[in-house]
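Novice: Input: one structure, supplied below.
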2 protein chains.
Amino acid sequence: MPSLSLRINLDPAGRIGPGKIELLEQIAAFGSISAAARNMEMSYKRAWDLVEEMNQLFGKPVVSAQTGGRRGGGAQLTQVGLAIVSRFRAIELAAGTVAEKHIEALQAEIAAA
Amino acid sequence: MPSLSLRINLDPAGRIGPGKIELLEQIAAFGSISAAARNMEMSYKRAWDLVEEMNQLFGKPVVSAQTGGRRGGGAQLTQVGLAIVSRFRAIELAAGTVAEKHIEALQAEIAAA
């Protein structure tokens, strides 16, 4: 199915795209960076590097890690992490809606070939 | 400045993004694939491969080449080539408008850090 994929370019030189958003969503869902990484078939190092890239870009953590306790090592999104996910998905939904008829018309050019 | 970058994913497995769109616009502007490639600091082969990828995807040429005559070798966009550019730019404009306040809010998170 035809679709739109989006990336947000922020100052200075930070890009937020579908991969980072999916990672944040998986971290929120599983409460764990390592479970998120496993589920996305990504190394823990790669997942952590992506989180750290966002931490650096925003100048504050996008994921907070709980250490110790019965569920030690759990992770959850911070306020800014949650804002990144929800604003990205809002943009995606609104952009997909305004793009729909144009994308259908381009897809129809292929079908008509 | 913060911005949105878009890619359109078409069936089967075709992607149209800012690079291909800029190439088509440059071909339209200069009437020549080689001048467009030069202007984008891209090899002629690379430019031609991108054009050919779009020709294959759409099942018809996106650029038509004129051979012979005083201005032999000139190139212009076909109807489908023109449609790709104008629909992509329309999506970009509409999506940028709906995304604007979300992107500003994310950029403000960085400024507030």
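Simple scheme: letters A, B, ... for chains in structure tokens order, numbers from 1 for residues in each chain, numbers from 1 for ligands in the order shown.
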Least-squares superpose chain A onto chain B - every C-alpha atom, paired in order - and show me the moved coordinates as a compact mmCIF listing (two decimals) with N, CA, C and O atoms, in the first residue's frame.
Specialist:
# COMPACT_ATOMS: atom_id res chain seq x y z
N MET A 1 17.08 25.90 10.54
CA MET A 1 15.63 25.95 10.76
C MET A 1 14.99 24.56 10.74
O MET A 1 15.29 23.76 9.86
N PRO A 2 14.12 24.28 11.68
CA PRO A 2 13.47 22.97 11.69
C PRO A 2 12.60 22.78 10.45
O PRO A 2 12.03 23.73 9.93
N SER A 3 12.50 21.56 10.00
CA SER A 3 11.71 21.28 8.79
C SER A 3 11.26 19.82 8.79
O SER A 3 11.68 19.02 9.62
N LEU A 4 10.43 19.53 7.81
CA LEU A 4 9.90 18.19 7.63
C LEU A 4 10.50 17.65 6.34
O LEU A 4 10.56 18.37 5.34
N SER A 5 10.99 16.40 6.32
CA SER A 5 11.31 15.84 5.00
C SER A 5 10.45 14.62 4.74
O SER A 5 10.16 13.84 5.64
N LEU A 6 10.03 14.50 3.49
CA LEU A 6 9.02 13.52 3.12
C LEU A 6 9.55 12.53 2.10
O LEU A 6 10.36 12.88 1.24
N ARG A 7 9.03 11.32 2.20
CA ARG A 7 9.22 10.34 1.14
C ARG A 7 7.89 9.68 0.86
O ARG A 7 7.15 9.39 1.79
N ILE A 8 7.61 9.47 -0.43
CA ILE A 8 6.40 8.75 -0.80
C ILE A 8 6.79 7.34 -1.17
O ILE A 8 7.71 7.13 -1.98
N ASN A 9 6.14 6.38 -0.55
CA ASN A 9 6.40 4.98 -0.86
C ASN A 9 5.28 4.46 -1.74
O ASN A 9 4.12 4.45 -1.33
N LEU A 10 5.62 4.07 -2.96
CA LEU A 10 4.61 3.59 -3.90
C LEU A 10 4.78 2.09 -4.14
O LEU A 10 5.87 1.55 -3.96
N ASP A 11 3.71 1.46 -4.58
CA ASP A 11 3.74 0.04 -4.95
C ASP A 11 4.17 -0.09 -6.39
O ASP A 11 3.64 0.64 -7.24
N PRO A 12 4.98 -1.04 -6.78
CA PRO A 12 5.75 -1.92 -5.89
C PRO A 12 7.10 -1.29 -5.54
O PRO A 12 7.85 -0.90 -6.43
N ALA A 13 7.36 -1.18 -4.28
CA ALA A 13 8.67 -0.82 -3.75
C ALA A 13 9.36 0.36 -4.43
O ALA A 13 10.53 0.27 -4.81
N GLY A 14 8.65 1.45 -4.63
CA GLY A 14 9.29 2.63 -5.20
C GLY A 14 9.24 3.79 -4.23
O GLY A 14 8.21 4.03 -3.60
N ARG A 15 10.37 4.47 -4.07
CA ARG A 15 10.40 5.60 -3.15
C ARG A 15 10.70 6.88 -3.92
O ARG A 15 11.61 6.92 -4.73
N ILE A 16 9.92 7.91 -3.62
CA ILE A 16 10.15 9.23 -4.20
C ILE A 16 10.43 10.18 -3.05
O ILE A 16 9.57 10.38 -2.18
N GLY A 17 11.62 10.76 -3.04
CA GLY A 17 11.99 11.69 -1.98
C GLY A 17 12.58 12.96 -2.55
O GLY A 17 12.58 13.17 -3.78
N PRO A 18 13.09 13.82 -1.66
CA PRO A 18 13.58 15.15 -2.08
C PRO A 18 14.68 15.10 -3.13
O PRO A 18 14.76 16.00 -3.97
N GLY A 19 15.53 14.08 -3.11
CA GLY A 19 16.63 13.99 -4.08
C GLY A 19 16.12 13.81 -5.51
O GLY A 19 16.55 14.51 -6.43
N LYS A 20 15.19 12.87 -5.68
CA LYS A 20 14.64 12.63 -7.03
C LYS A 20 13.83 13.84 -7.50
O LYS A 20 13.87 14.19 -8.68
N ILE A 21 13.12 14.46 -6.58
CA ILE A 21 12.32 15.63 -6.96
C ILE A 21 13.23 16.78 -7.39
O ILE A 21 12.98 17.43 -8.41
N GLU A 22 14.30 17.01 -6.63
CA GLU A 22 15.22 18.08 -7.02
C GLU A 22 15.83 17.78 -8.39
O GLU A 22 15.96 18.68 -9.23
N LEU A 23 16.17 16.53 -8.62
CA LEU A 23 16.73 16.16 -9.93
C LEU A 23 15.74 16.46 -11.06
O LEU A 23 16.11 17.07 -12.08
N LEU A 24 14.48 16.06 -10.88
CA LEU A 24 13.48 16.35 -11.92
C LEU A 24 13.33 17.87 -12.13
O LEU A 24 13.24 18.34 -13.27
N GLU A 25 13.34 18.61 -11.05
CA GLU A 25 13.21 20.08 -11.17
C GLU A 25 14.41 20.69 -11.91
O GLU A 25 14.26 21.62 -12.70
N GLN A 26 15.58 20.15 -11.64
CA GLN A 26 16.78 20.66 -12.30
C GLN A 26 16.77 20.30 -13.79
O GLN A 26 17.19 21.09 -14.63
N ILE A 27 16.29 19.09 -14.10
CA ILE A 27 16.17 18.69 -15.51
C ILE A 27 15.19 19.63 -16.22
O ILE A 27 15.46 20.11 -17.33
N ALA A 28 14.06 19.90 -15.57
CA ALA A 28 13.07 20.82 -16.16
C ALA A 28 13.67 22.21 -16.36
O ALA A 28 13.44 22.87 -17.37
N ALA A 29 14.46 22.65 -15.38
CA ALA A 29 15.02 24.00 -15.44
C ALA A 29 16.08 24.14 -16.52
O ALA A 29 16.12 25.14 -17.24
N PHE A 30 16.94 23.13 -16.65
CA PHE A 30 18.08 23.23 -17.57
C PHE A 30 17.84 22.54 -18.90
O PHE A 30 18.64 22.68 -19.81
N GLY A 31 16.77 21.76 -18.99
CA GLY A 31 16.49 21.04 -20.23
C GLY A 31 17.55 20.02 -20.57
O GLY A 31 17.77 19.70 -21.73
N SER A 32 18.18 19.49 -19.53
CA SER A 32 19.30 18.59 -19.77
C SER A 32 19.61 17.77 -18.52
O SER A 32 19.72 18.32 -17.42
N ILE A 33 19.72 16.47 -18.72
CA ILE A 33 20.06 15.60 -17.59
C ILE A 33 21.49 15.87 -17.14
O ILE A 33 21.78 15.93 -15.95
N SER A 34 22.39 16.09 -18.11
CA SER A 34 23.80 16.28 -17.71
C SER A 34 24.00 17.61 -16.98
O SER A 34 24.75 17.67 -16.01
N ALA A 35 23.30 18.67 -17.43
CA ALA A 35 23.42 19.95 -16.71
C ALA A 35 22.84 19.84 -15.31
O ALA A 35 23.40 20.36 -14.34
N ALA A 36 21.72 19.11 -15.19
CA ALA A 36 21.11 18.90 -13.88
C ALA A 36 22.08 18.16 -12.96
O ALA A 36 22.28 18.53 -11.81
N ALA A 37 22.69 17.10 -13.50
CA ALA A 37 23.63 16.30 -12.71
C ALA A 37 24.81 17.17 -12.26
O ALA A 37 25.19 17.15 -11.08
N ARG A 38 25.36 17.95 -13.19
CA ARG A 38 26.50 18.83 -12.86
C ARG A 38 26.12 19.79 -11.74
O ARG A 38 26.85 19.96 -10.77
N ASN A 39 24.95 20.38 -11.88
CA ASN A 39 24.49 21.36 -10.90
C ASN A 39 24.27 20.77 -9.51
O ASN A 39 24.39 21.45 -8.50
N MET A 40 23.94 19.48 -9.49
CA MET A 40 23.73 18.80 -8.21
C MET A 40 24.98 18.08 -7.74
O MET A 40 24.95 17.34 -6.76
N GLU A 41 26.08 18.28 -8.46
CA GLU A 41 27.34 17.61 -8.14
C GLU A 41 27.16 16.10 -8.03
O GLU A 41 27.55 15.46 -7.05
N MET A 42 26.53 15.55 -9.07
CA MET A 42 26.18 14.14 -9.14
C MET A 42 26.72 13.65 -10.49
O MET A 42 26.76 14.43 -11.45
N SER A 43 27.14 12.40 -10.57
CA SER A 43 27.62 11.91 -11.87
C SER A 43 26.44 11.78 -12.82
O SER A 43 25.29 11.60 -12.40
N TYR A 44 26.72 11.85 -14.12
CA TYR A 44 25.66 11.66 -15.11
C TYR A 44 25.04 10.27 -14.93
O TYR A 44 23.83 10.10 -15.00
N LYS A 45 25.88 9.29 -14.66
CA LYS A 45 25.37 7.91 -14.47
C LYS A 45 24.38 7.85 -13.31
O LYS A 45 23.32 7.24 -13.40
N ARG A 46 24.74 8.49 -12.21
CA ARG A 46 23.86 8.50 -11.03
C ARG A 46 22.51 9.16 -11.37
O ARG A 46 21.45 8.65 -11.01
N ALA A 47 22.59 10.30 -12.08
CA ALA A 47 21.36 11.00 -12.46
C ALA A 47 20.51 10.12 -13.37
O ALA A 47 19.29 9.99 -13.18
N TRP A 48 21.16 9.51 -14.33
CA TRP A 48 20.42 8.66 -15.26
C TRP A 48 19.81 7.46 -14.55
O TRP A 48 18.67 7.06 -14.82
N ASP A 49 20.57 6.86 -13.61
CA ASP A 49 20.04 5.72 -12.84
C ASP A 49 18.79 6.11 -12.07
O ASP A 49 17.83 5.34 -11.99
N LEU A 50 18.79 7.32 -11.49
CA LEU A 50 17.62 7.78 -10.74
C LEU A 50 16.42 7.99 -11.66
O LEU A 50 15.29 7.62 -11.33
N VAL A 51 16.68 8.58 -12.84
CA VAL A 51 15.60 8.77 -13.82
C VAL A 51 15.07 7.40 -14.26
O VAL A 51 13.85 7.18 -14.31
N GLU A 52 15.98 6.49 -14.54
CA GLU A 52 15.59 5.16 -15.01
C GLU A 52 14.79 4.41 -13.93
O GLU A 52 13.84 3.68 -14.24
N GLU A 53 15.17 4.61 -12.67
CA GLU A 53 14.43 3.98 -11.56
C GLU A 53 12.98 4.47 -11.57
O GLU A 53 12.05 3.68 -11.38
N MET A 54 12.80 5.78 -11.82
CA MET A 54 11.43 6.32 -11.88
C MET A 54 10.70 5.84 -13.13
O MET A 54 9.51 5.51 -13.07
N ASN A 55 11.41 5.76 -14.26
CA ASN A 55 10.79 5.23 -15.48
C ASN A 55 10.26 3.82 -15.25
O ASN A 55 9.15 3.47 -15.67
N GLN A 56 11.08 3.00 -14.58
CA GLN A 56 10.69 1.61 -14.30
C GLN A 56 9.49 1.57 -13.36
O GLN A 56 8.55 0.82 -13.58
N LEU A 57 9.55 2.38 -12.31
CA LEU A 57 8.47 2.39 -11.32
C LEU A 57 7.14 2.77 -11.97
O LEU A 57 6.12 2.11 -11.74
N PHE A 58 7.16 3.82 -12.80
CA PHE A 58 5.91 4.32 -13.38
C PHE A 58 5.54 3.60 -14.68
O PHE A 58 4.46 3.79 -15.21
N GLY A 59 6.46 2.77 -15.18
CA GLY A 59 6.16 2.01 -16.39
C GLY A 59 6.11 2.86 -17.65
O GLY A 59 5.58 2.44 -18.67
N LYS A 60 6.62 4.08 -17.55
CA LYS A 60 6.68 5.01 -18.69
C LYS A 60 7.69 6.08 -18.35
O LYS A 60 8.01 6.29 -17.18
N PRO A 61 8.21 6.78 -19.37
CA PRO A 61 9.29 7.75 -19.10
C PRO A 61 8.81 8.95 -18.29
O PRO A 61 7.71 9.46 -18.52
N VAL A 62 9.66 9.38 -17.36
CA VAL A 62 9.39 10.62 -16.62
C VAL A 62 10.13 11.79 -17.27
O VAL A 62 9.83 12.95 -17.00
N VAL A 63 11.09 11.47 -18.13
CA VAL A 63 11.85 12.49 -18.86
C VAL A 63 11.86 12.06 -20.33
O VAL A 63 12.04 10.88 -20.62
N SER A 64 11.62 13.02 -21.23
CA SER A 64 11.75 12.67 -22.65
C SER A 64 12.97 13.38 -23.21
O SER A 64 13.21 14.56 -22.93
N ALA A 65 13.76 12.64 -23.96
CA ALA A 65 14.98 13.19 -24.53
C ALA A 65 14.72 13.54 -25.99
O ALA A 65 14.11 12.76 -26.72
N GLN A 66 15.11 14.74 -26.39
CA GLN A 66 15.08 15.08 -27.82
C GLN A 66 16.45 14.77 -28.41
O GLN A 66 17.47 15.21 -27.86
N THR A 67 16.46 14.04 -29.47
CA THR A 67 17.75 13.78 -30.13
C THR A 67 17.79 14.56 -31.43
O THR A 67 16.76 14.88 -32.01
N GLY A 68 19.02 14.89 -31.84
CA GLY A 68 19.21 15.60 -33.11
C GLY A 68 18.79 17.06 -33.02
O GLY A 68 18.38 17.55 -31.96
N GLY A 69 18.94 17.77 -34.11
CA GLY A 69 18.54 19.19 -34.17
C GLY A 69 19.59 20.07 -33.54
O GLY A 69 20.61 19.60 -33.01
N ARG A 70 19.31 21.35 -33.61
CA ARG A 70 20.28 22.34 -33.15
C ARG A 70 20.53 22.23 -31.65
O ARG A 70 21.61 22.49 -31.16
N ARG A 71 19.45 21.83 -30.91
CA ARG A 71 19.62 21.68 -29.46
C ARG A 71 19.49 20.21 -29.07
O ARG A 71 18.87 19.85 -28.09
N GLY A 72 20.06 19.35 -29.89
CA GLY A 72 20.01 17.90 -29.66
C GLY A 72 20.48 17.55 -28.27
O GLY A 72 21.36 18.22 -27.72
N GLY A 73 19.90 16.52 -27.70
CA GLY A 73 20.29 16.09 -26.36
C GLY A 73 19.50 16.77 -25.26
O GLY A 73 19.68 16.49 -24.10
N GLY A 74 18.60 17.69 -25.66
CA GLY A 74 17.76 18.34 -24.65
C GLY A 74 16.80 17.35 -24.02
O GLY A 74 16.48 16.32 -24.62
N ALA A 75 16.36 17.66 -22.82
CA ALA A 75 15.45 16.76 -22.11
C ALA A 75 14.37 17.59 -21.46
O ALA A 75 14.62 18.72 -21.03
N GLN A 76 13.17 17.02 -21.41
CA GLN A 76 12.13 17.70 -20.63
C GLN A 76 11.27 16.69 -19.91
O GLN A 76 11.28 15.50 -20.23
N LEU A 77 10.56 17.16 -18.90
CA LEU A 77 9.71 16.24 -18.14
C LEU A 77 8.49 15.88 -18.97
O LEU A 77 7.90 16.73 -19.65
N THR A 78 8.09 14.62 -18.87
CA THR A 78 6.84 14.18 -19.48
C THR A 78 5.68 14.57 -18.56
O THR A 78 5.89 15.09 -17.46
N GLN A 79 4.47 14.25 -19.01
CA GLN A 79 3.28 14.55 -18.18
C GLN A 79 3.42 13.89 -16.80
O GLN A 79 3.13 14.51 -15.78
N VAL A 80 3.88 12.64 -16.78
CA VAL A 80 3.99 11.97 -15.47
C VAL A 80 5.13 12.57 -14.64
O VAL A 80 5.01 12.73 -13.42
N GLY A 81 6.22 12.97 -15.30
CA GLY A 81 7.32 13.63 -14.58
C GLY A 81 6.86 14.93 -13.92
O GLY A 81 7.18 15.21 -12.76
N LEU A 82 6.08 15.70 -14.68
CA LEU A 82 5.53 16.95 -14.14
C LEU A 82 4.58 16.68 -12.97
O LEU A 82 4.60 17.38 -11.96
N ALA A 83 3.77 15.62 -13.12
CA ALA A 83 2.81 15.28 -12.06
C ALA A 83 3.54 14.88 -10.77
O ALA A 83 3.12 15.25 -9.67
N ILE A 84 4.62 14.12 -10.91
CA ILE A 84 5.38 13.69 -9.73
C ILE A 84 5.89 14.92 -8.97
O ILE A 84 5.71 15.03 -7.76
N VAL A 85 6.50 15.86 -9.70
CA VAL A 85 7.06 17.05 -9.05
C VAL A 85 5.96 17.87 -8.38
O VAL A 85 6.05 18.22 -7.20
N SER A 86 4.89 18.15 -9.13
CA SER A 86 3.91 19.08 -8.56
C SER A 86 3.14 18.44 -7.41
O SER A 86 2.85 19.10 -6.42
N ARG A 87 2.86 17.14 -7.51
CA ARG A 87 2.15 16.50 -6.39
C ARG A 87 3.05 16.38 -5.17
O ARG A 87 2.60 16.58 -4.04
N PHE A 88 4.32 16.08 -5.37
CA PHE A 88 5.25 16.01 -4.22
C PHE A 88 5.32 17.36 -3.52
O PHE A 88 5.23 17.44 -2.29
N ARG A 89 5.48 18.43 -4.30
CA ARG A 89 5.59 19.76 -3.69
C ARG A 89 4.28 20.17 -3.01
O ARG A 89 4.30 20.87 -1.99
N ALA A 90 3.15 19.74 -3.58
CA ALA A 90 1.86 20.04 -2.94
C ALA A 90 1.75 19.32 -1.59
O ALA A 90 1.31 19.91 -0.60
N ILE A 91 2.17 18.06 -1.57
CA ILE A 91 2.14 17.30 -0.31
C ILE A 91 3.04 17.98 0.72
O ILE A 91 2.68 18.16 1.88
N GLU A 92 4.23 18.37 0.26
CA GLU A 92 5.21 18.98 1.15
C GLU A 92 4.66 20.26 1.79
O GLU A 92 4.82 20.50 2.99
N LEU A 93 4.02 21.07 0.96
CA LEU A 93 3.47 22.34 1.45
C LEU A 93 2.34 22.10 2.44
O LEU A 93 2.32 22.68 3.53
N ALA A 94 1.43 21.20 2.08
CA ALA A 94 0.29 20.94 2.96
C ALA A 94 0.75 20.26 4.25
O ALA A 94 0.31 20.63 5.35
N ALA A 95 1.67 19.32 4.14
CA ALA A 95 2.16 18.61 5.32
C ALA A 95 2.95 19.55 6.22
O ALA A 95 2.83 19.51 7.45
N GLY A 96 3.76 20.42 5.61
CA GLY A 96 4.53 21.39 6.39
C GLY A 96 3.61 22.31 7.20
O GLY A 96 3.90 22.64 8.35
N THR A 97 2.50 22.67 6.59
CA THR A 97 1.55 23.54 7.27
C THR A 97 0.90 22.85 8.47
O THR A 97 0.86 23.40 9.56
N VAL A 98 0.46 21.61 8.27
CA VAL A 98 -0.19 20.92 9.40
C VAL A 98 0.82 20.52 10.47
O VAL A 98 0.47 20.36 11.64
N ALA A 99 2.08 20.38 10.09
CA ALA A 99 3.11 19.95 11.05
C ALA A 99 3.70 21.11 11.84
O ALA A 99 4.32 20.90 12.89
N GLU A 100 3.52 22.33 11.34
CA GLU A 100 4.28 23.47 11.84
C GLU A 100 4.27 23.64 13.36
O GLU A 100 5.32 23.75 13.99
N LYS A 101 3.09 23.62 13.95
CA LYS A 101 3.06 23.91 15.39
C LYS A 101 3.68 22.78 16.21
O LYS A 101 4.28 23.01 17.26
N HIS A 102 3.56 21.53 15.71
CA HIS A 102 4.19 20.42 16.42
C HIS A 102 5.72 20.51 16.35
O HIS A 102 6.41 20.24 17.32
N ILE A 103 6.23 20.86 15.16
CA ILE A 103 7.67 20.96 15.01
C ILE A 103 8.22 22.12 15.85
O ILE A 103 9.26 21.99 16.50
N GLU A 104 7.48 23.22 15.87
CA GLU A 104 7.91 24.36 16.72
C GLU A 104 7.94 23.94 18.20
O GLU A 104 8.85 24.34 18.93
N ALA A 105 6.97 23.16 18.61
CA ALA A 105 6.93 22.73 20.02
C ALA A 105 8.12 21.82 20.33
O ALA A 105 8.73 21.93 21.41
N LEU A 106 8.48 20.94 19.40
CA LEU A 106 9.65 20.07 19.64
C LEU A 106 10.93 20.89 19.64
O LEU A 106 11.82 20.68 20.48
N GLN A 107 11.01 21.85 18.72
CA GLN A 107 12.20 22.71 18.68
C GLN A 107 12.31 23.51 19.99
O GLN A 107 13.42 23.72 20.51
N ALA A 108 11.17 23.92 20.54
CA ALA A 108 11.16 24.69 21.80
C ALA A 108 11.68 23.85 22.97
O ALA A 108 12.28 24.37 23.90
N GLU A 109 11.47 22.52 22.91
CA GLU A 109 12.01 21.64 23.96
C GLU A 109 13.53 21.71 23.97
O GLU A 109 14.16 21.66 25.02
N ILE A 110 14.11 21.81 22.77
CA ILE A 110 15.57 21.92 22.68
C ILE A 110 16.04 23.26 23.22
O ILE A 110 16.97 23.33 24.01
N ALA A 111 15.35 24.32 22.82
CA ALA A 111 15.72 25.66 23.27
C ALA A 111 15.62 25.79 24.79
O ALA A 111 16.41 26.51 25.41
N ALA A 112 14.66 25.05 25.36
CA ALA A 112 14.42 25.16 26.81
C ALA A 112 15.38 24.31 27.64
O ALA A 112 15.39 24.39 28.86
N ALA A 113 16.16 23.50 26.96
CA ALA A 113 17.02 22.54 27.68
C ALA A 113 18.13 23.27 28.45
O ALA A 113 18.55 24.35 28.07
Novice: When DSSP works through the backbone of this structure, what residues of range 36-90 of chain B end up as strand (DSSP E), shown as a list in words?
Specialist: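 Output for range 36-90 of chain B, strand (DSSP E) only: Val63, Ser64, Ala65, Ala75, Gln76 and Leu77 of chain B.
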Novice: For the selection just defined, write its residues with all heavy atoms to a file, as a PDB file, in the first residue's frame.
Specialist:
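After the write, result_18.pdb holds the following:
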ATOM      1  N   VAL B  63      11.085  11.466 -18.114  1.00  0.00           N
ATOM      2  CA  VAL B  63      11.851  12.476 -18.854  1.00  0.00           C
ATOM      3  C   VAL B  63      11.854  12.061 -20.313  1.00  0.00           C
ATOM      4  O   VAL B  63      12.037  10.880 -20.609  1.00  0.00           O
ATOM      5  CB  VAL B  63      13.318  12.549 -18.339  1.00  0.00           C
ATOM      6  CG1 VAL B  63      14.177  13.455 -19.222  1.00  0.00           C
ATOM      7  CG2 VAL B  63      13.367  13.023 -16.888  1.00  0.00           C
ATOM      8  N   SER B  64      11.626  13.012 -21.226  1.00  0.00           N
ATOM      9  CA  SER B  64      11.765  12.667 -22.637  1.00  0.00           C
ATOM     10  C   SER B  64      12.972  13.387 -23.199  1.00  0.00           C
ATOM     11  O   SER B  64      13.213  14.562 -22.920  1.00  0.00           O
ATOM     12  CB  SER B  64      10.506  13.042 -23.422  1.00  0.00           C
ATOM     13  OG  SER B  64      10.390  14.434 -23.511  1.00  0.00           O
ATOM     14  N   ALA B  65      13.759  12.652 -23.954  1.00  0.00           N
ATOM     15  CA  ALA B  65      14.977  13.211 -24.532  1.00  0.00           C
ATOM     16  C   ALA B  65      14.719  13.564 -25.987  1.00  0.00           C
ATOM     17  O   ALA B  65      14.127  12.775 -26.722  1.00  0.00           O
ATOM     18  CB  ALA B  65      16.104  12.192 -24.428  1.00  0.00           C
ATOM     19  N   ALA B  75      16.371  17.655 -22.833  1.00  0.00           N
ATOM     20  CA  ALA B  75      15.477  16.751 -22.115  1.00  0.00           C
ATOM     21  C   ALA B  75      14.382  17.579 -21.455  1.00  0.00           C
ATOM     22  O   ALA B  75      14.626  18.713 -21.031  1.00  0.00           O
ATOM     23  CB  ALA B  75      16.240  15.979 -21.056  1.00  0.00           C
ATOM     24  N   GLN B  76      13.190  17.026 -21.399  1.00  0.00           N
ATOM     25  CA  GLN B  76      12.145  17.701 -20.632  1.00  0.00           C
ATOM     26  C   GLN B  76      11.290  16.681 -19.901  1.00  0.00           C
ATOM     27  O   GLN B  76      11.313  15.496 -20.223  1.00  0.00           O
ATOM     28  CB  GLN B  76      11.306  18.623 -21.518  1.00  0.00           C
ATOM     29  CG  GLN B  76      10.633  17.923 -22.682  1.00  0.00           C
ATOM     30  CD  GLN B  76       9.810  18.897 -23.538  1.00  0.00           C
ATOM     31  OE1 GLN B  76      10.122  20.103 -23.593  1.00  0.00           O
ATOM     32  NE2 GLN B  76       8.781  18.408 -24.190  1.00  0.00           N
ATOM     33  N   LEU B  77      10.565  17.148 -18.901  1.00  0.00           N
ATOM     34  CA  LEU B  77       9.719  16.232 -18.148  1.00  0.00           C
ATOM     35  C   LEU B  77       8.487  15.866 -18.961  1.00  0.00           C
ATOM     36  O   LEU B  77       7.916  16.701 -19.655  1.00  0.00           O
ATOM     37  CB  LEU B  77       9.275  16.864 -16.821  1.00  0.00           C
ATOM     38  CG  LEU B  77      10.381  17.318 -15.864  1.00  0.00           C
ATOM     39  CD1 LEU B  77       9.791  17.668 -14.502  1.00  0.00           C
ATOM     40  CD2 LEU B  77      11.475  16.275 -15.717  1.00  0.00           C
TER      41      LEU B  77
END
